[in-house]
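Q: Structure file start09.txt (compact mmCIF, C-alpha atoms and all ligand atoms) right here:
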# COMPACT_ATOMS: atom_id res chain seq x y z
CA MET A 1 8.98 -27.23 13.92
CA LYS A 2 6.38 -25.15 12.05
CA THR A 3 7.52 -22.64 9.46
CA LYS A 4 6.36 -19.03 9.90
CA LEU A 5 3.88 -19.46 7.06
CA GLU A 6 2.46 -22.58 8.75
CA SER A 7 2.07 -20.62 12.02
CA ILE A 8 -0.36 -18.23 10.32
CA ASP A 9 -4.05 -18.94 10.96
CA SER A 10 -5.45 -18.99 7.44
CA ASP A 11 -8.93 -18.02 8.71
CA ARG A 12 -7.74 -14.70 10.16
CA VAL A 13 -5.35 -13.36 7.57
CA PRO A 14 -5.47 -9.57 7.04
CA ASN A 15 -7.44 -9.06 3.85
CA HIS A 16 -5.69 -5.78 3.02
CA ILE A 17 -2.09 -4.96 3.98
CA ALA A 18 -0.64 -1.49 3.35
CA ILE A 19 3.10 -0.85 3.55
CA ILE A 20 5.15 2.32 3.99
CA MET A 21 8.42 1.16 2.46
CA ASP A 22 10.88 3.32 4.37
CA GLY A 23 14.64 3.34 4.88
CA ASN A 24 16.09 3.01 1.38
CA GLY A 25 18.20 6.14 1.81
CA ARG A 26 19.61 5.10 5.20
CA TRP A 27 20.32 1.58 3.91
CA ALA A 28 22.41 3.05 1.07
CA LYS A 29 24.12 5.56 3.36
CA ASN A 30 25.10 2.74 5.76
CA LYS A 31 26.93 1.19 2.83
CA GLY A 32 28.58 4.47 1.87
CA MET A 33 26.44 4.73 -1.27
CA GLN A 34 24.05 7.30 -2.81
CA ARG A 35 20.34 7.18 -1.86
CA VAL A 36 19.37 5.94 -5.32
CA PHE A 37 21.39 2.77 -4.65
CA GLY A 38 18.90 2.05 -1.85
CA HIS A 39 15.91 2.47 -4.16
CA ARG A 40 17.48 0.16 -6.74
CA ASN A 41 17.96 -2.47 -4.07
CA ALA A 42 14.37 -2.17 -2.88
CA LEU A 43 12.83 -4.31 -5.58
CA THR A 44 13.58 -7.69 -4.00
CA ALA A 45 11.70 -6.51 -0.91
CA VAL A 46 8.75 -5.44 -3.07
CA ARG A 47 8.67 -8.82 -4.83
CA GLU A 48 9.10 -10.85 -1.62
CA SER A 49 6.45 -9.00 0.34
CA VAL A 50 3.85 -9.22 -2.42
CA ASN A 51 4.52 -12.93 -2.98
CA ALA A 52 4.51 -13.58 0.79
CA ALA A 53 1.19 -11.77 1.23
CA ARG A 54 -0.24 -13.84 -1.58
CA ASP A 55 1.11 -17.09 -0.06
CA ALA A 56 -0.51 -16.17 3.27
CA GLY A 57 -3.88 -15.59 1.60
CA THR A 58 -4.02 -11.77 1.71
CA LYS A 59 -6.09 -10.47 -1.22
CA PHE A 60 -4.98 -6.80 -1.31
CA ILE A 61 -1.59 -5.20 -0.77
CA THR A 62 -0.96 -1.48 -1.21
CA LEU A 63 2.54 -0.02 -1.37
CA TYR A 64 3.40 3.65 -0.76
CA ALA A 65 5.79 4.02 -3.68
CA PHE A 66 5.75 7.81 -4.16
CA SER A 67 3.98 10.45 -2.08
CA THR A 68 2.83 13.91 -3.15
CA GLU A 69 5.59 15.22 -0.85
CA ASN A 70 8.25 13.12 -2.62
CA TRP A 71 8.08 15.53 -5.59
CA ASN A 72 10.13 17.90 -3.38
CA ARG A 73 13.15 15.55 -3.39
CA PRO A 74 16.19 16.41 -5.57
CA LYS A 75 15.32 16.11 -9.28
CA LEU A 76 17.95 13.44 -9.78
CA GLU A 77 16.31 11.21 -7.17
CA VAL A 78 12.79 11.83 -8.51
CA ASP A 79 13.96 10.98 -12.04
CA ALA A 80 15.68 7.82 -10.79
CA LEU A 81 12.52 6.72 -8.95
CA MET A 82 10.41 7.30 -12.05
CA SER A 83 12.72 5.33 -14.31
CA LEU A 84 12.92 2.57 -11.70
CA LEU A 85 9.13 2.44 -11.70
CA VAL A 86 9.05 2.08 -15.49
CA SER A 87 11.81 -0.55 -15.70
CA SER A 88 10.54 -2.61 -12.77
CA LEU A 89 6.91 -2.64 -13.91
CA LYS A 90 8.12 -3.95 -17.28
CA SER A 91 10.53 -6.53 -15.89
CA GLU A 92 8.04 -7.80 -13.28
CA LEU A 93 5.27 -8.59 -15.76
CA PRO A 94 6.13 -12.35 -15.92
CA ASN A 95 6.16 -12.48 -12.10
CA PHE A 96 2.78 -10.69 -11.97
CA HIS A 97 1.31 -13.32 -14.27
CA LYS A 98 3.05 -16.28 -12.63
CA ASN A 99 1.71 -15.30 -9.20
CA GLY A 100 -1.74 -14.08 -10.24
CA ILE A 101 -0.99 -10.46 -9.32
CA LYS A 102 -3.40 -7.81 -10.55
CA VAL A 103 -1.77 -4.37 -10.64
CA ASN A 104 -3.69 -1.24 -9.67
CA SER A 105 -2.74 2.34 -8.80
CA ILE A 106 -4.00 5.15 -6.60
CA GLY A 107 -2.92 8.78 -6.55
CA ALA A 108 -2.61 11.69 -8.95
CA VAL A 109 -1.03 9.49 -11.63
CA GLU A 110 -1.67 12.23 -14.21
CA ASN A 111 1.30 14.03 -12.57
CA LEU A 112 3.72 11.20 -13.41
CA PRO A 113 5.90 11.49 -16.52
CA LYS A 114 3.95 10.43 -19.65
CA LYS A 115 6.12 7.35 -20.13
CA ALA A 116 5.43 6.11 -16.60
CA GLN A 117 1.71 6.72 -17.08
CA LYS A 118 1.71 4.71 -20.30
CA VAL A 119 3.61 1.74 -18.87
CA LEU A 120 1.48 1.74 -15.73
CA GLU A 121 -1.73 1.83 -17.75
CA SER A 122 -0.52 -1.02 -19.94
CA ILE A 123 0.52 -3.22 -16.98
CA ILE A 124 -2.81 -2.56 -15.25
CA GLU A 125 -4.62 -3.59 -18.43
CA GLN A 126 -2.48 -6.71 -18.99
CA THR A 127 -2.82 -7.96 -15.40
CA ALA A 128 -6.54 -7.22 -15.03
CA ILE A 129 -7.33 -10.91 -15.51
CA ASN A 130 -5.22 -12.02 -12.51
CA THR A 131 -7.16 -12.90 -9.37
CA GLU A 132 -4.79 -14.07 -6.60
CA ILE A 133 -3.93 -10.67 -5.12
CA THR A 134 -4.43 -7.00 -6.05
CA LEU A 135 -1.19 -5.02 -5.83
CA THR A 136 -1.87 -1.29 -5.63
CA PHE A 137 0.94 1.21 -6.09
CA ALA A 138 0.29 4.54 -4.39
CA LEU A 139 1.95 7.00 -6.78
CA SER A 140 1.92 10.76 -6.36
CA TYR A 141 -0.45 9.88 -3.54
CA GLY A 142 -1.46 12.01 -0.58
CA SER A 143 -4.38 11.12 1.64
CA ARG A 144 -5.42 14.69 2.41
CA GLU A 145 -5.40 15.54 -1.29
CA GLU A 146 -7.51 12.45 -1.94
CA ILE A 147 -10.07 13.58 0.66
CA VAL A 148 -10.11 17.16 -0.71
CA ASN A 149 -10.76 15.79 -4.22
CA ALA A 150 -13.55 13.57 -2.93
CA ILE A 151 -15.21 16.56 -1.24
CA LYS A 152 -14.92 18.64 -4.43
CA ASN A 153 -16.45 15.87 -6.55
CA ILE A 154 -19.28 15.20 -4.12
CA SER A 155 -19.98 18.95 -3.86
CA LYS A 156 -20.22 19.24 -7.65
CA LYS A 157 -22.76 16.42 -7.67
CA VAL A 158 -24.76 18.10 -4.92
CA VAL A 159 -24.84 21.35 -6.94
CA ASN A 160 -26.00 19.39 -10.01
CA ASN A 161 -28.69 17.63 -7.97
CA GLU A 162 -27.06 14.25 -8.55
CA ILE A 163 -26.59 13.65 -4.80
CA ASP A 164 -28.90 14.71 -1.99
CA VAL A 165 -26.89 16.17 0.97
CA LYS A 166 -28.95 14.03 3.34
CA LYS A 167 -27.75 10.91 1.52
CA ILE A 168 -24.03 11.61 2.05
CA ASP A 169 -22.69 8.83 4.23
CA GLU A 170 -19.43 6.85 4.61
CA LYS A 171 -20.27 4.77 1.55
CA VAL A 172 -20.65 7.87 -0.64
CA ILE A 173 -17.29 9.18 0.58
CA ASN A 174 -15.63 5.78 0.04
CA ASN A 175 -16.91 5.73 -3.52
CA HIS A 176 -15.22 9.07 -4.25
CA LEU A 177 -11.76 8.10 -2.97
CA TYR A 178 -8.98 6.69 -5.18
CA THR A 179 -9.53 3.47 -3.22
CA PHE A 180 -13.22 3.12 -4.20
CA ASN A 181 -12.56 -0.45 -5.37
CA LEU A 182 -10.46 -1.51 -2.34
CA PRO A 183 -11.53 -2.69 1.13
CA ASP A 184 -10.40 -0.94 4.35
CA VAL A 185 -6.81 -1.59 5.44
CA ASP A 186 -6.48 -4.27 8.14
CA LEU A 187 -2.74 -4.11 8.75
CA MET A 188 -0.32 -1.24 8.08
CA ILE A 189 3.40 -1.97 8.17
CA ARG A 190 6.11 0.70 8.25
CA THR A 191 9.76 -0.24 8.04
CA SER A 192 12.90 1.57 9.25
CA GLY A 193 11.80 2.35 12.82
CA GLU A 194 9.79 5.50 12.03
CA GLN A 195 6.38 5.47 13.70
CA ARG A 196 4.28 7.78 11.55
CA ILE A 197 1.48 7.43 9.00
CA SER A 198 2.82 10.20 6.72
CA ASN A 199 -0.41 11.11 4.92
CA PHE A 200 -1.06 7.50 3.80
CA LEU A 201 -4.63 6.12 3.59
CA LEU A 202 -5.89 8.13 6.57
CA TRP A 203 -9.57 7.35 5.97
CA GLN A 204 -8.94 3.73 4.98
CA MET A 205 -6.80 2.98 8.06
CA ALA A 206 -9.43 4.04 10.61
CA TYR A 207 -9.42 0.58 12.23
CA ALA A 208 -6.11 -0.81 10.93
CA GLU A 209 -3.59 -2.45 13.22
CA LEU A 210 -0.26 -0.63 12.97
CA TYR A 211 3.01 -2.58 12.91
CA PHE A 212 6.42 -0.92 13.02
CA THR A 213 9.71 -2.70 12.43
CA ASP A 214 13.31 -1.46 12.53
CA VAL A 215 14.19 -3.43 9.38
CA LEU A 216 15.20 -1.08 6.56
CA TRP A 217 13.07 -1.64 3.46
CA PRO A 218 15.80 -3.13 1.17
CA ASP A 219 16.35 -5.84 3.84
CA PHE A 220 12.66 -6.70 4.19
CA ARG A 221 11.92 -10.33 3.25
CA LYS A 222 9.06 -12.86 3.27
CA GLU A 223 9.78 -13.86 6.88
CA HIS A 224 9.39 -10.23 8.01
CA LEU A 225 5.97 -10.03 6.42
CA PHE A 226 4.95 -13.31 8.05
CA ASP A 227 6.16 -11.90 11.43
CA ALA A 228 3.88 -8.88 10.92
CA ILE A 229 0.89 -11.12 10.12
CA ILE A 230 1.57 -13.34 13.17
CA ASN A 231 1.82 -10.22 15.36
CA TYR A 232 -1.49 -8.97 13.87
CA GLN A 233 -3.16 -12.30 14.66
CA ASN A 234 -2.10 -12.01 18.30
CA ARG A 235 -4.00 -8.75 18.68
CA GLU A 236 -7.67 -8.38 19.48
CA ARG A 237 -9.54 -6.18 17.02
CA ARG A 238 -12.50 -4.72 18.84
CA PHE A 239 -13.84 -2.07 16.43
CA GLY A 240 -15.08 -0.07 19.44
CA LYS A 241 -16.71 -3.06 21.17
CA THR A 242 -15.66 -4.59 24.52
CA SER A 243 -13.54 -7.76 24.85
CA GLU A 244 -16.57 -9.57 26.30
CA GLN A 245 -18.67 -8.70 23.28
CA ILE A 246 -15.96 -10.01 20.97
CA ASP A 247 -15.66 -13.25 22.98
CA THR A 248 -19.40 -13.92 22.93
CA ASN A 249 -19.88 -12.60 19.41
CA VAL A 250 -22.64 -10.09 20.33
C1 LIG A 301 11.47 5.49 1.31
O1 LIG A 301 12.84 5.45 1.60
C2 LIG A 301 11.18 5.05 -0.03
C3 LIG A 301 10.64 5.82 -1.02
C4 LIG A 301 10.35 7.24 -0.90
C5 LIG A 301 10.33 5.30 -2.31
C6 LIG A 301 9.83 3.90 -2.36
C7 LIG A 301 10.38 3.32 -3.57
C8 LIG A 301 10.79 2.07 -3.69
C9 LIG A 301 10.64 1.05 -2.63
C10 LIG A 301 11.45 1.71 -4.95
C11 LIG A 301 10.82 0.58 -5.64
C12 LIG A 301 9.39 0.74 -5.89
C13 LIG A 301 8.84 0.89 -7.10
C14 LIG A 301 7.37 0.88 -7.21
C15 LIG A 301 9.64 1.07 -8.30
P1 LIG A 301 13.58 6.81 1.89
O2 LIG A 301 14.24 7.23 0.62
O3 LIG A 301 12.64 7.81 2.45
O4 LIG A 301 14.64 6.34 2.94
P2 LIG A 301 15.23 7.18 4.15
O5 LIG A 301 14.08 7.50 5.06
O6 LIG A 301 16.20 6.23 4.78
O7 LIG A 301 15.88 8.40 3.58
Represent the structure from my file as structure tokens, please.
A:
Amino acid sequence: MKTKLESIDSDRVPNHIAIIMDGNGRWAKNKGMQRVFGHRNALTAVRESVNAARDAGTKFITLYAFSTENWNRPKLEVDALMSLLVSSLKSELPNFHKNGIKVNSIGAVENLPKKAQKVLESIIEQTAINTEITLTFALSYGSREEIVNAIKNISKKVVNNEIDVKKIDEKVINNHLYTFNLPDVDLMIRTSGEQRISNFLLWQMAYAELYFTDVLWPDFRKEHLFDAIINYQNRERRFGKTSEQIDTNV
């Protein structure tokens, strides 16, 4: 009997997986606990999914850790999430090194508390040498804001004659997004049964396969990630072409 990992076709692994880690609050509530208890119990799922993606051969994984909209949550919860970010980034450093994980971030990180910014910057610097997988944390991230910023920056360059309007193409836009150094998303996973994209990587997910599971994020394990990859491999990605064209490679 093959294991789930062995059932994955190593030639067709999604190069970039993005995850909306949802359901921490409901998981805690189901146990009669406060929402923050759910966030604190979410770290095993983070570790398992990143290590599983790496084991499968995925080179990029991006986690929606804190959205621009999440600033509107109760202050106590925001503070708890920020201190969890700081403590977990610090405690995970040996795991990042052991598994060749390079840490990266996208989003308006300048809006994070100074301490979180400092720790994040330091972990990014210390893990820059790792090459197995790039783990990107989306922090204070909103896709529409990202696109608005890109338009502003491109416009400034047009006004300063650094970019010719006629030369603006998808590549120019890509280069002005937070994700300028990341490839397009191949597979997007959202946990907890919600089937929404919630302002996450709208441009980058143009051709992504979407996978929704009822598992609440704190319960998400390696096997769940492998299930998502196997499901992805059973789909036909056509990128606008016909099935016949895909079959005959024209
Ligand atoms: C969604 O669950 C989760 C978040 C808004 C935050 C994600 C944070 C973690 C997974 C914590 C660990 C990560 C880092 C980087 C420290 P929810 O609170 O919206 O759950 P609900 O929909 O059930 O209320």
Q: One number please: CA of Asn41 in chain A to CA of Phe137 in chain A, in Å, one decimal.
A: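 Spanning CA of Asn41 in chain A to CA of Phe137 in chain A is a straight-line distance of 17.5 Å.
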Q: Excluding Leu202 in chain A and residues on its chain fewer than 6 positions from it, collect all residues at most 12 Å away from it, counting all atoms listed in the file, and give them as a ChimeraX atom specification.
A: /A:18,141-147,174,177,179,184-185,188,196,208
Q: Please report the interatomic distance between CA of Tyr232 in chain A and CA of Thr44 in chain A in Å with one decimal.
A: 23.4 Å
Q: Would you work out the distance separating CA of Ile189 in chain A from CA of Ile19 in chain A, expressed in Å to one decimal?
A: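 CA of Ile19 in chain A lies at a distance of 4.8 Å from CA of Ile189 in chain A.
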Q: Would you mind listing what lies within 7 Å of Asn104 in chain A as a list in words, with only C-alpha atoms counted and same-chain residues fewer than 3 positions away left out?
A: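 Everything that qualifies: Ile124, Thr134, Leu135, Thr136 and Phe137 of chain A.
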Q: Kindly assemble as JSON lines a list of the range 83-122 of chain A residues that lie within 12 Å of range 53-65 of chain A, each paired with its nearest atom pair and their distance in Å to one decimal, using all atoms listed in the file, sorted first by chain and then by ascending residue number.
A:
{"residue": "A:Leu84", "atom": "CA", "partner": "A:Ala65", "partner_atom": "CA", "distance": 10.8}
{"residue": "A:Leu85", "atom": "CA", "partner": "A:Ala65", "partner_atom": "CA", "distance": 8.8}
{"residue": "A:Phe96", "atom": "CA", "partner": "A:Arg54", "partner_atom": "CA", "distance": 11.3}
{"residue": "A:Lys98", "atom": "CA", "partner": "A:Arg54", "partner_atom": "CA", "distance": 11.8}
{"residue": "A:Asn99", "atom": "CA", "partner": "A:Arg54", "partner_atom": "CA", "distance": 8.0}
{"residue": "A:Gly100", "atom": "CA", "partner": "A:Arg54", "partner_atom": "CA", "distance": 8.8}
{"residue": "A:Ile101", "atom": "CA", "partner": "A:Arg54", "partner_atom": "CA", "distance": 8.5}
{"residue": "A:Lys102", "atom": "CA", "partner": "A:Phe60", "partner_atom": "CA", "distance": 9.4}
{"residue": "A:Val103", "atom": "CA", "partner": "A:Thr62", "partner_atom": "CA", "distance": 9.9}
{"residue": "A:Asn104", "atom": "CA", "partner": "A:Thr62", "partner_atom": "CA", "distance": 8.9}
{"residue": "A:Ser105", "atom": "CA", "partner": "A:Thr62", "partner_atom": "CA", "distance": 8.7}
{"residue": "A:Ile106", "atom": "CA", "partner": "A:Thr62", "partner_atom": "CA", "distance": 9.1}
{"residue": "A:Gly107", "atom": "CA", "partner": "A:Tyr64", "partner_atom": "CA", "distance": 10.0}
{"residue": "A:Val109", "atom": "CA", "partner": "A:Ala65", "partner_atom": "CA", "distance": 11.8}
Q: Using only C-alpha atoms and all ligand atoms, what does the table of chain A residues within 6 Å of ligand LIG 301 (chain A) look like, with each row giving the shortest atom pair and its distance in Å to one decimal, sorted by chain and ascending number, as JSON lines?
A:
{"residue": "A:Met21", "atom": "CA", "partner": "A:LIG301", "partner_atom": "C2", "distance": 5.4}
{"residue": "A:Asp22", "atom": "CA", "partner": "A:LIG301", "partner_atom": "C1", "distance": 3.8}
{"residue": "A:Gly23", "atom": "CA", "partner": "A:LIG301", "partner_atom": "O6", "distance": 3.3}
{"residue": "A:Asn24", "atom": "CA", "partner": "A:LIG301", "partner_atom": "O4", "distance": 4.0}
{"residue": "A:Gly25", "atom": "CA", "partner": "A:LIG301", "partner_atom": "O6", "distance": 3.6}
{"residue": "A:Arg26", "atom": "CA", "partner": "A:LIG301", "partner_atom": "O6", "distance": 3.6}
{"residue": "A:His39", "atom": "CA", "partner": "A:LIG301", "partner_atom": "C10", "distance": 4.6}
{"residue": "A:Ala42", "atom": "CA", "partner": "A:LIG301", "partner_atom": "C9", "distance": 4.9}
{"residue": "A:Leu43", "atom": "CA", "partner": "A:LIG301", "partner_atom": "C11", "distance": 5.3}
{"residue": "A:Ala65", "atom": "CA", "partner": "A:LIG301", "partner_atom": "C6", "distance": 4.3}
{"residue": "A:Phe66", "atom": "CA", "partner": "A:LIG301", "partner_atom": "C5", "distance": 5.5}
{"residue": "A:Leu84", "atom": "CA", "partner": "A:LIG301", "partner_atom": "C15", "distance": 5.0}
{"residue": "A:Leu85", "atom": "CA", "partner": "A:LIG301", "partner_atom": "C15", "distance": 3.7}
{"residue": "A:Ser88", "atom": "CA", "partner": "A:LIG301", "partner_atom": "C15", "distance": 5.9}
Q: Give the answer as one residue: which of A:Met82, A:Val158, A:Ile230, A:Val119 has the shortest atom-to-atom distance to Arg40 in chain A, using all atoms listed in the file?
A: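 Looking at the shortest contact to Arg40 in chain A, the residue is A:Met82.
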Q: Which residue is closest to Val165 in chain A? Choose from A:Leu225, A:Ile151, A:Val86, A:Thr248 and count only C-alpha atoms.
A: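 Closest to Val165 in chain A of all the choices is A:Ile151.
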Q: Given the choices A:Leu216, A:Ala138, A:Ala28, A:Ile123, which gets closest to Tyr178 in chain A if the distance is worked out from all atoms listed in the file?
A: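 Once distances to Tyr178 in chain A are computed over all atoms listed in the file, the minimum belongs to A:Ala138.
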Q: Is there a way to get, as a list of chain:residue names, all residues within 6 Å of the point (17.9, 8.2, -5.0) in file coordinates, counting all atoms listed in the file?
A: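 So the residues meeting the distance criterion are A:Arg35, A:Val36, A:Glu77.
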Q: Considering only C-alpha atoms, can you say which of A:Ser243, A:Asn153, A:Glu132, A:Glu223 comes closest to Ala45 in chain A?
A: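 Checking each candidate against Ala45 in chain A, we get A:Glu223 as the closest.
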Q: My list of candidates is A:Lys167, A:Glu244, A:Leu89, A:Val148. Which is closest to Ser122 in chain A when distances are computed with all atoms listed in the file?
A: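 Closest residue, counting all atoms listed in the file: A:Leu89.
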Q: Would you mind telling me which residue in A:Gln195, A:Glu48, A:Asn160, A:Ile154 lies nearest to Asn175 in chain A when using all atoms listed in the file?
A: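 Ranked by minimum distance to Asn175 in chain A, first place goes to A:Ile154.
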Q: Around the point (9.2, -13.0, 1.5), in the coordinates given by the file, pick out the residues reaching within 8 Å, counting all atoms listed in the file, and return them as a ChimeraX atom specification.
A: /A:45,47-52,220-226
Q: For Asp214 in chain A, please output as a PyMOL selection string all residues within 8 Å (counting all atoms listed in the file; exclusion window: fewer than 5 positions along the same chain).
A: chain A and resi 191-194
Q: Would it be fine to have range 63-74 of chain A, with N, CA and C atoms, given as a short mmCIF file (atom, residue, chain, number, x, y, z; two decimals), in the first residue's frame?
A:
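result12.cif, freshly written:
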data_model
loop_
_atom_site.label_atom_id
_atom_site.label_comp_id
_atom_site.auth_asym_id
_atom_site.auth_seq_id
_atom_site.Cartn_x
_atom_site.Cartn_y
_atom_site.Cartn_z
N LEU A 63 1.45 31.71 3.29
CA LEU A 63 0.40 31.57 4.30
C LEU A 63 -0.22 32.92 4.63
N TYR A 64 -1.56 32.96 4.61
CA TYR A 64 -2.28 34.21 4.94
C TYR A 64 -2.36 34.28 6.46
N ALA A 65 -1.40 34.94 7.06
CA ALA A 65 -1.31 34.96 8.52
C ALA A 65 -2.08 36.12 9.15
N PHE A 66 -2.17 37.25 8.42
CA PHE A 66 -2.85 38.42 8.98
C PHE A 66 -3.24 39.36 7.83
N SER A 67 -4.53 39.57 7.67
CA SER A 67 -4.99 40.41 6.55
C SER A 67 -5.13 41.86 6.99
N THR A 68 -5.24 42.76 6.02
CA THR A 68 -5.45 44.18 6.36
C THR A 68 -6.74 44.31 7.17
N GLU A 69 -7.73 43.46 6.86
CA GLU A 69 -9.02 43.51 7.57
C GLU A 69 -8.91 42.99 9.01
N ASN A 70 -7.91 42.13 9.26
CA ASN A 70 -7.76 41.58 10.62
C ASN A 70 -7.42 42.64 11.68
N TRP A 71 -6.95 43.83 11.23
CA TRP A 71 -6.69 44.91 12.20
C TRP A 71 -7.98 45.32 12.91
N ASN A 72 -9.14 45.01 12.31
CA ASN A 72 -10.42 45.40 12.91
C ASN A 72 -10.88 44.43 14.01
N ARG A 73 -10.13 43.38 14.26
CA ARG A 73 -10.52 42.45 15.33
C ARG A 73 -10.26 43.09 16.70
N PRO A 74 -10.85 42.52 17.79
CA PRO A 74 -10.61 43.11 19.11
C PRO A 74 -9.11 43.24 19.40
#
